[in-house]
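Containing mmCIF, C-alpha atoms and all ligand atoms: structure_13.cif.
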```cif
data_upload
#
loop_
_atom_site.label_atom_id
_atom_site.label_comp_id
_atom_site.auth_asym_id
_atom_site.auth_seq_id
_atom_site.Cartn_x
_atom_site.Cartn_y
_atom_site.Cartn_z
CA MET A 1 -12.31 -27.17 -15.08
CA GLN A 2 -8.95 -27.48 -13.29
CA ILE A 3 -6.34 -25.12 -14.72
CA PRO A 4 -2.62 -24.56 -13.94
CA ASP A 5 -1.32 -21.96 -11.43
CA ILE A 6 -1.04 -19.21 -13.99
CA ILE A 7 -1.46 -15.44 -13.96
CA ILE A 8 -4.29 -14.10 -16.09
CA ALA A 9 -3.86 -10.45 -17.14
CA ILE A 10 -6.93 -8.53 -18.31
CA ASP A 11 -6.21 -5.11 -19.80
CA GLY A 12 -8.24 -2.72 -21.86
CA TYR A 13 -10.21 0.48 -22.15
CA SER A 14 -12.33 2.05 -19.39
CA SER A 15 -15.59 0.33 -18.51
CA THR A 16 -15.22 -2.59 -20.88
CA GLY A 17 -16.30 -4.88 -18.05
CA LYS A 18 -12.79 -5.98 -17.13
CA SER A 19 -13.52 -6.27 -13.44
CA SER A 20 -16.85 -8.10 -13.88
CA PHE A 21 -15.17 -10.54 -16.24
CA ALA A 22 -12.16 -10.97 -13.95
CA LYS A 23 -14.43 -11.68 -10.97
CA ILE A 24 -16.32 -14.39 -12.89
CA ILE A 25 -13.01 -15.95 -13.98
CA ALA A 26 -11.74 -15.91 -10.39
CA LYS A 27 -14.89 -17.65 -9.19
CA GLU A 28 -14.83 -20.23 -11.97
CA PHE A 29 -11.20 -21.29 -11.42
CA SER A 30 -10.83 -20.45 -7.70
CA PHE A 31 -8.30 -17.73 -8.48
CA LEU A 32 -7.68 -14.56 -6.50
CA TYR A 33 -9.03 -11.44 -8.19
CA LEU A 34 -7.04 -8.21 -7.92
CA ASP A 35 -8.32 -4.85 -9.16
CA SER A 36 -5.26 -2.71 -9.95
CA GLY A 37 -7.44 0.29 -10.89
CA ALA A 38 -8.78 0.36 -7.33
CA LEU A 39 -5.26 1.12 -6.07
CA TYR A 40 -4.89 4.03 -8.53
CA ARG A 41 -8.31 5.23 -7.41
CA GLY A 42 -7.22 4.86 -3.76
CA VAL A 43 -4.09 6.96 -4.33
CA THR A 44 -6.30 9.53 -6.06
CA LEU A 45 -8.70 9.76 -3.10
CA PHE A 46 -5.71 10.12 -0.78
CA ALA A 47 -4.29 12.90 -3.01
CA ILE A 48 -7.61 14.76 -3.08
CA GLU A 49 -8.18 14.54 0.67
CA ASN A 50 -4.67 15.73 1.46
CA GLY A 51 -4.46 18.50 -1.10
CA TYR A 52 -1.83 16.96 -3.41
CA ILE A 53 -4.05 17.51 -6.45
CA GLY A 54 -5.89 20.74 -7.18
CA ASP A 55 -9.20 21.56 -8.84
CA ASP A 56 -7.34 22.08 -12.10
CA ASN A 57 -5.64 18.67 -11.67
CA THR A 58 -2.18 20.08 -11.04
CA ILE A 59 -0.30 17.64 -8.86
CA ASN A 60 2.30 18.34 -6.20
CA VAL A 61 4.41 15.34 -7.17
CA PRO A 62 7.29 15.71 -4.64
CA GLU A 63 4.89 16.00 -1.70
CA LEU A 64 2.64 13.22 -2.94
CA ASP A 65 5.64 10.96 -3.45
CA LYS A 66 6.87 11.64 0.09
CA ALA A 67 3.44 10.92 1.54
CA LEU A 68 3.07 7.63 -0.35
CA SER A 69 5.66 5.95 1.88
CA GLY A 70 3.21 6.29 4.78
CA LEU A 71 0.09 5.28 2.83
CA ASP A 72 -1.36 1.97 4.01
CA LEU A 73 -3.44 1.13 0.92
CA HIS A 74 -4.63 -2.46 0.68
CA PHE A 75 -7.47 -4.86 -0.08
CA GLY A 76 -9.74 -6.19 2.66
CA PRO A 77 -13.04 -8.00 3.17
CA ASN A 78 -15.18 -5.25 1.59
CA GLY A 79 -12.82 -4.03 -1.13
CA THR A 80 -10.20 -1.31 -0.90
CA TYR A 81 -8.97 0.19 2.37
CA ILE A 82 -6.73 2.94 3.69
CA GLY A 83 -5.68 1.59 7.07
CA LYS A 84 -8.92 0.42 8.69
CA ARG A 85 -11.16 2.69 6.61
CA CYS A 86 -13.05 1.08 3.72
CA ILE A 87 -12.91 3.48 0.76
CA GLU A 88 -14.71 1.31 -1.78
CA LYS A 89 -17.64 3.68 -2.27
CA GLU A 90 -15.63 6.93 -2.40
CA ILE A 91 -13.18 5.65 -5.02
CA ARG A 92 -16.02 4.97 -7.48
CA SER A 93 -17.22 8.62 -7.46
CA MET A 94 -17.09 10.91 -10.50
CA GLU A 95 -14.71 13.19 -8.58
CA VAL A 96 -12.14 10.40 -8.32
CA ALA A 97 -12.85 9.28 -11.91
CA GLY A 98 -12.04 12.82 -13.06
CA LYS A 99 -8.64 12.84 -11.38
CA VAL A 100 -7.43 9.25 -11.52
CA SER A 101 -5.85 9.31 -14.98
CA PRO A 102 -3.60 12.32 -14.27
CA ILE A 103 -2.59 10.68 -10.97
CA ALA A 104 -1.93 7.34 -12.72
CA ALA A 105 0.35 9.10 -15.20
CA VAL A 106 2.80 10.04 -12.41
CA ALA A 107 5.84 7.72 -12.50
CA GLU A 108 6.23 7.71 -8.69
CA VAL A 109 2.60 6.63 -8.27
CA ARG A 110 3.08 3.79 -10.75
CA THR A 111 6.17 2.57 -8.91
CA PHE A 112 4.21 2.55 -5.63
CA VAL A 113 1.26 0.62 -7.11
CA ASP A 114 3.42 -1.80 -9.15
CA ARG A 115 5.30 -2.87 -6.06
CA LYS A 116 2.05 -3.77 -4.30
CA LEU A 117 0.65 -5.60 -7.31
CA ARG A 118 3.74 -7.75 -7.78
CA GLU A 119 3.72 -8.66 -4.10
CA PHE A 120 0.08 -9.81 -4.33
CA GLY A 121 0.77 -11.81 -7.48
CA ARG A 122 3.83 -13.68 -6.23
CA ASN A 123 2.22 -17.10 -6.01
CA GLY A 124 0.20 -17.25 -9.22
CA ARG A 125 -3.44 -18.32 -9.44
CA ILE A 126 -4.48 -14.72 -9.80
CA VAL A 127 -6.48 -12.73 -12.29
CA MET A 128 -5.62 -9.05 -12.33
CA ASP A 129 -7.24 -6.31 -14.39
CA GLY A 130 -5.93 -2.90 -15.40
CA ARG A 131 -4.18 -1.04 -18.19
CA ASP A 132 -0.62 -2.37 -18.14
CA ILE A 133 -0.81 -5.73 -16.40
CA GLY A 134 0.21 -7.76 -19.46
CA THR A 135 2.76 -5.20 -20.65
CA THR A 136 4.48 -3.98 -17.46
CA VAL A 137 3.31 -5.55 -14.20
CA PHE A 138 3.31 -9.20 -15.33
CA PRO A 139 4.85 -9.30 -18.83
CA ASP A 140 5.28 -13.08 -18.38
CA ALA A 141 1.60 -13.73 -17.60
CA GLN A 142 0.63 -16.95 -19.35
CA LEU A 143 -2.73 -15.63 -20.52
CA LYS A 144 -3.42 -12.04 -21.59
CA VAL A 145 -6.74 -10.62 -22.69
CA PHE A 146 -7.19 -7.14 -24.12
CA MET A 147 -10.76 -5.90 -23.78
CA THR A 148 -12.57 -3.37 -25.88
CA ALA A 149 -16.18 -2.42 -26.64
CA ASP A 150 -18.22 0.27 -28.30
CA PRO A 151 -17.87 3.54 -26.27
CA LEU A 152 -21.60 4.17 -26.00
CA VAL A 153 -22.23 0.61 -24.80
CA ARG A 154 -19.50 1.10 -22.22
CA ALA A 155 -20.91 4.42 -20.98
CA GLN A 156 -24.38 2.92 -20.71
CA ARG A 157 -23.08 -0.02 -18.68
CA ARG A 158 -21.12 2.23 -16.33
CA ALA A 159 -24.09 4.60 -15.89
CA ASP A 160 -26.40 1.65 -15.09
CA GLU A 161 -23.87 0.34 -12.59
CA MET A 162 -23.62 3.72 -10.86
CA ARG A 163 -27.41 4.17 -10.79
CA ALA A 164 -27.79 0.71 -9.26
CA LYS A 165 -25.51 1.91 -6.45
CA GLY A 166 -27.78 4.93 -5.93
CA MET A 167 -25.33 7.43 -7.43
CA GLU A 168 -26.61 10.32 -9.51
CA THR A 169 -25.57 9.72 -13.11
CA ASP A 170 -25.49 11.60 -16.38
CA LEU A 171 -24.79 9.42 -19.43
CA GLN A 172 -23.05 12.18 -21.39
CA GLU A 173 -20.78 13.00 -18.44
CA VAL A 174 -19.89 9.32 -18.02
CA LEU A 175 -19.15 8.98 -21.76
CA LYS A 176 -16.97 12.08 -21.73
CA ASN A 177 -15.05 10.81 -18.71
CA LEU A 178 -14.42 7.41 -20.34
CA GLN A 179 -13.09 9.03 -23.48
CA GLU A 180 -10.88 11.44 -21.56
CA ARG A 181 -9.43 8.65 -19.45
CA ASP A 182 -8.82 6.43 -22.49
CA TYR A 183 -6.99 9.30 -24.17
CA ILE A 184 -4.78 10.12 -21.17
CA ASP A 185 -4.17 6.41 -20.39
CA SER A 186 -3.12 5.66 -23.98
CA HIS A 187 -0.91 8.72 -24.41
CA ARG A 188 0.99 8.95 -21.13
CA GLU A 189 4.74 8.47 -21.14
CA VAL A 190 5.02 5.85 -18.41
CA SER A 191 3.45 2.48 -19.11
CA PRO A 192 0.66 3.61 -21.44
CA LEU A 193 -2.37 1.49 -22.23
CA THR A 194 -1.39 -0.65 -25.21
CA GLN A 195 -2.21 -4.14 -26.29
CA ALA A 196 0.57 -6.60 -25.41
CA GLU A 197 1.86 -8.42 -28.48
CA ASP A 198 0.74 -11.75 -27.11
CA ALA A 199 -2.68 -10.58 -25.86
CA ILE A 200 -5.92 -11.88 -27.33
CA VAL A 201 -8.51 -9.23 -28.14
CA LEU A 202 -12.02 -9.53 -26.76
CA ASP A 203 -14.65 -7.11 -28.09
CA ASN A 204 -17.63 -7.74 -25.85
CA SER A 205 -20.00 -5.05 -27.21
CA HIS A 206 -22.56 -7.71 -28.02
CA MET A 207 -21.59 -10.58 -25.75
CA THR A 208 -23.14 -11.88 -22.54
CA MET A 209 -20.94 -12.78 -19.59
CA GLU A 210 -21.68 -16.47 -20.23
CA GLU A 211 -20.41 -16.13 -23.82
CA GLN A 212 -17.27 -14.37 -22.65
CA LEU A 213 -16.51 -17.11 -20.16
CA GLN A 214 -17.07 -19.80 -22.80
CA TRP A 215 -14.75 -17.90 -25.15
CA LEU A 216 -12.02 -17.87 -22.49
CA LYS A 217 -12.49 -21.52 -21.57
CA ASN A 218 -12.02 -22.52 -25.21
CA ILE A 219 -8.78 -20.56 -25.36
CA ILE A 220 -7.55 -22.13 -22.12
CA LYS A 221 -8.41 -25.65 -23.30
CA GLU A 222 -6.54 -25.12 -26.51
CA ARG A 223 -3.52 -23.43 -24.98
CA PHE A 224 -3.00 -25.80 -22.06
CA GLY A 225 -4.16 -28.95 -23.81
CA LEU A 226 -7.00 -29.61 -21.35
O1 LIG A 301 -13.40 2.63 -14.82
P1 LIG A 301 -12.59 1.41 -14.98
O2 LIG A 301 -13.05 0.25 -14.15
O3 LIG A 301 -12.41 1.01 -16.40
O4 LIG A 301 -11.16 1.84 -14.50
P2 LIG A 301 -10.24 1.28 -13.35
O5 LIG A 301 -9.73 -0.07 -13.72
O6 LIG A 301 -10.92 1.45 -12.05
O7 LIG A 301 -8.99 2.27 -13.46
C1 LIG A 301 -9.10 3.64 -13.17
C2 LIG A 301 -7.92 4.39 -13.77
O8 LIG A 301 -6.72 3.94 -13.14
C3 LIG A 301 -7.68 4.20 -15.25
O9 LIG A 301 -8.44 5.08 -16.06
C4 LIG A 301 -6.18 4.47 -15.37
O10 LIG A 301 -5.92 5.86 -15.43
C5 LIG A 301 -5.63 3.96 -14.06
N1 LIG A 301 -5.04 2.61 -14.17
C6 LIG A 301 -3.77 2.51 -14.69
O11 LIG A 301 -3.19 3.49 -15.10
N2 LIG A 301 -3.14 1.30 -14.74
C7 LIG A 301 -3.76 0.19 -14.29
N3 LIG A 301 -3.12 -0.98 -14.32
C8 LIG A 301 -5.08 0.27 -13.79
C9 LIG A 301 -5.71 1.50 -13.76
#
```
Written form, structure tokens:
Amino acid sequence: MQIPDIIIAIDGYSSTGKSSFAKIIAKEFSFLYLDSGALYRGVTLFAIENGYIGDDNTINVPELDKALSGLDLHFGPNGTYIGKRCIEKEIRSMEVAGKVSPIAAVAEVRTFVDRKLREFGRNGRIVMDGRDIGTTVFPDAQLKVFMTADPLVRAQRRADEMRAKGMETDLQEVLKNLQERDYIDSHREVSPLTQAEDAIVLDNSHMTMEEQLQWLKNIIKERFGL
């Protein structure tokens, strides 16, 4: 199916399968996939390693903000990088998951990440997933999906994914982390997680990837008269 050079924004709760869905969409339509959460996770790893966030999650915002101007965070052949170092594995750890939502609530961090995301998305034909893509980063995106699913289903999926990568995983800990992040993400002052008015809701608790793709294709056909 040939579709126009649009931007597809996929937002929603933690571990609803946004990135898996976005990757399938990118493959299907030859779009570029961009994972905005990976950049927030990358800033979080940087903050941990350089002491800008403490064990109690207090953040030294002025110092972190200053350091961000020298942070070379970008995407490369194997995922997310700081300079030449691939950080893809480290940013998926529970330690980063436990600190990313407080970091993502910092206005200066959001400004830093937003600038990068808009640069990447300049030319269209991209699918980007996150929390505020359809509301803040690309409010004019021509297609917006808001994803949700049963919390226990989500925790189970995330735990399976982590186990498959050889990471030690506790289902209850994963569930607790998802719920904490959803709470912080939805209640922060700057650019909170909310459904854009023109977003279409997808609850995929009981859907296969194939069904989700079919669902999206039907919407695209209808909307763009294909
Ligand atoms: O675990 P999951 O894949 O659902 O999350 P992620 O997309 O990797 O995002 C990790 C965290 O980054 C979220 O819990 C948010 O705190 C933050 N984030 C955000 O604030 N805005 C975005 N556009 C994307 C992620």
Please identify all polymer residues within 8 Å of Leu45 in chain A, counting only C-alpha atoms, omitting same-chain residues fewer than 5 positions from it, and present them as a list in words.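 Residues meeting the cut-off are Glu90, Ile91 and Val96 of chain A.
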Taking 3 positions as the minimum chain separation for residues in the same chain, which residues sit within 10 Å of range 140-147 of chain A when counting only C-alpha atoms? Answer as a PyMOL selection string. chain A and resi 4-18+21+124+126-131+133-137+194-205+216+219-220+223-224
Can you pull out the residues contacting Lys89 in chain A? Cut-off 12 Å, using only C-alpha atoms, and skip same-chain residues under 3 positions away; I want them as a PDB file with C-alpha atoms, keeping the file's coordinate frame.
```pdb
ATOM      1  CA  ALA A  38      -8.780   0.360  -7.330  1.00  0.00           C
ATOM      2  CA  ARG A  41      -8.310   5.230  -7.410  1.00  0.00           C
ATOM      3  CA  GLY A  42      -7.220   4.860  -3.760  1.00  0.00           C
ATOM      4  CA  LEU A  45      -8.700   9.760  -3.100  1.00  0.00           C
ATOM      5  CA  ASN A  78     -15.180  -5.250   1.590  1.00  0.00           C
ATOM      6  CA  GLY A  79     -12.820  -4.030  -1.130  1.00  0.00           C
ATOM      7  CA  THR A  80     -10.200  -1.310  -0.900  1.00  0.00           C
ATOM      8  CA  TYR A  81      -8.970   0.190   2.370  1.00  0.00           C
ATOM      9  CA  ARG A  85     -11.160   2.690   6.610  1.00  0.00           C
ATOM     10  CA  CYS A  86     -13.050   1.080   3.720  1.00  0.00           C
ATOM     11  CA  ARG A  92     -16.020   4.970  -7.480  1.00  0.00           C
ATOM     12  CA  SER A  93     -17.220   8.620  -7.460  1.00  0.00           C
ATOM     13  CA  MET A  94     -17.090  10.910 -10.500  1.00  0.00           C
ATOM     14  CA  GLU A  95     -14.710  13.190  -8.580  1.00  0.00           C
ATOM     15  CA  VAL A  96     -12.140  10.400  -8.320  1.00  0.00           C
ATOM     16  CA  MET A 162     -23.620   3.720 -10.860  1.00  0.00           C
ATOM     17  CA  LYS A 165     -25.510   1.910  -6.450  1.00  0.00           C
ATOM     18  CA  GLY A 166     -27.780   4.930  -5.930  1.00  0.00           C
ATOM     19  CA  MET A 167     -25.330   7.430  -7.430  1.00  0.00           C
TER      20      MET A 167
END
```
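Here atom C7 of ligand LIG 301 (chain A) and CA of Lys116 in chain A stand 12.2 Å from one another.
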Report, in Å with one decimal, the straight-line distance from CA of Leu152 in chain A to CA of Leu171 in chain A.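 Spanning CA of Leu152 in chain A to CA of Leu171 in chain A is a straight-line distance of 9.0 Å.
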So, counting all atoms listed in the file, which residue among A:Leu39, A:Leu71, A:Val109, A:Leu64 is closest to Glu88 in chain A?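 Looking only at the distances to Glu88 in chain A, the closest residue turns out to be A:Leu39.
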Pick out the residues sitting within 10 Å of Ala67 in chain A, and hand them over as number ranges by chain; count only C-alpha atoms, and ignore anything fewer than 2 positions along from it in its own chain. A: 46-47, 50, 52, 61-65, 69-71
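Comparing the minimum interatomic distances between ligand LIG 301 (chain A) and each of A:Gly225, A:Pro102, A:Pro139, A:Pro77, counting only C-alpha atoms and all ligand atoms, we find that A:Pro102 sits nearest.
Candidate residues A:Lys221, A:Arg181, A:Lys176, A:Arg188 were compared for distance to ligand LIG 301 (chain A), and the nearest is A:Arg181, using only C-alpha atoms and all ligand atoms.
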Between CA of Glu180 in chain A and CA of Lys23 in chain A, measure the distance and give it in Å to one decimal. 25.7 Å
In terms of the shortest atom-to-atom distance over all atoms listed in the file, which of A:Thr44, A:Ser19, A:Ser101, A:Asn57 is closest to ligand LIG 301 (chain A)?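 Using all atoms listed in the file, the shortest distance to ligand LIG 301 (chain A) belongs to A:Ser101.
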As AutoDock Vina command-line options, please: the centre and edge lengths in Å, to one decimal, of an axis-aligned box enclosing every listed atom of range 222-226 of chain A with 8 Å added on each side.
```
--center_x -5.0 --center_y -26.5 --center_z -23.9 --size_x 20.0 --size_y 22.2 --size_z 21.2
```
Find, counting all atoms listed in the file, the residue in A:Asp114, A:Glu211, A:Glu222, A:Glu119 that gets nearest to Ser36 in chain A.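 Closest to Ser36 in chain A, using all atoms listed in the file: A:Asp114.
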Smallest atom-to-atom distance to ligand LIG 301 (chain A): which of A:Tyr183, A:Phe29, A:Phe120, A:Phe75, using only C-alpha atoms and all ligand atoms?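 Between A:Tyr183, A:Phe29, A:Phe120, A:Phe75, the residue approaching ligand LIG 301 (chain A) most closely is A:Tyr183.
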If I put a ball of radius 10 Å at (-10.1, -29.0, -11.7) in the file's coordinates, which residues poke into it when counting all atoms listed in the file, written as a ChimeraX atom specification? /A:1-4,28-30
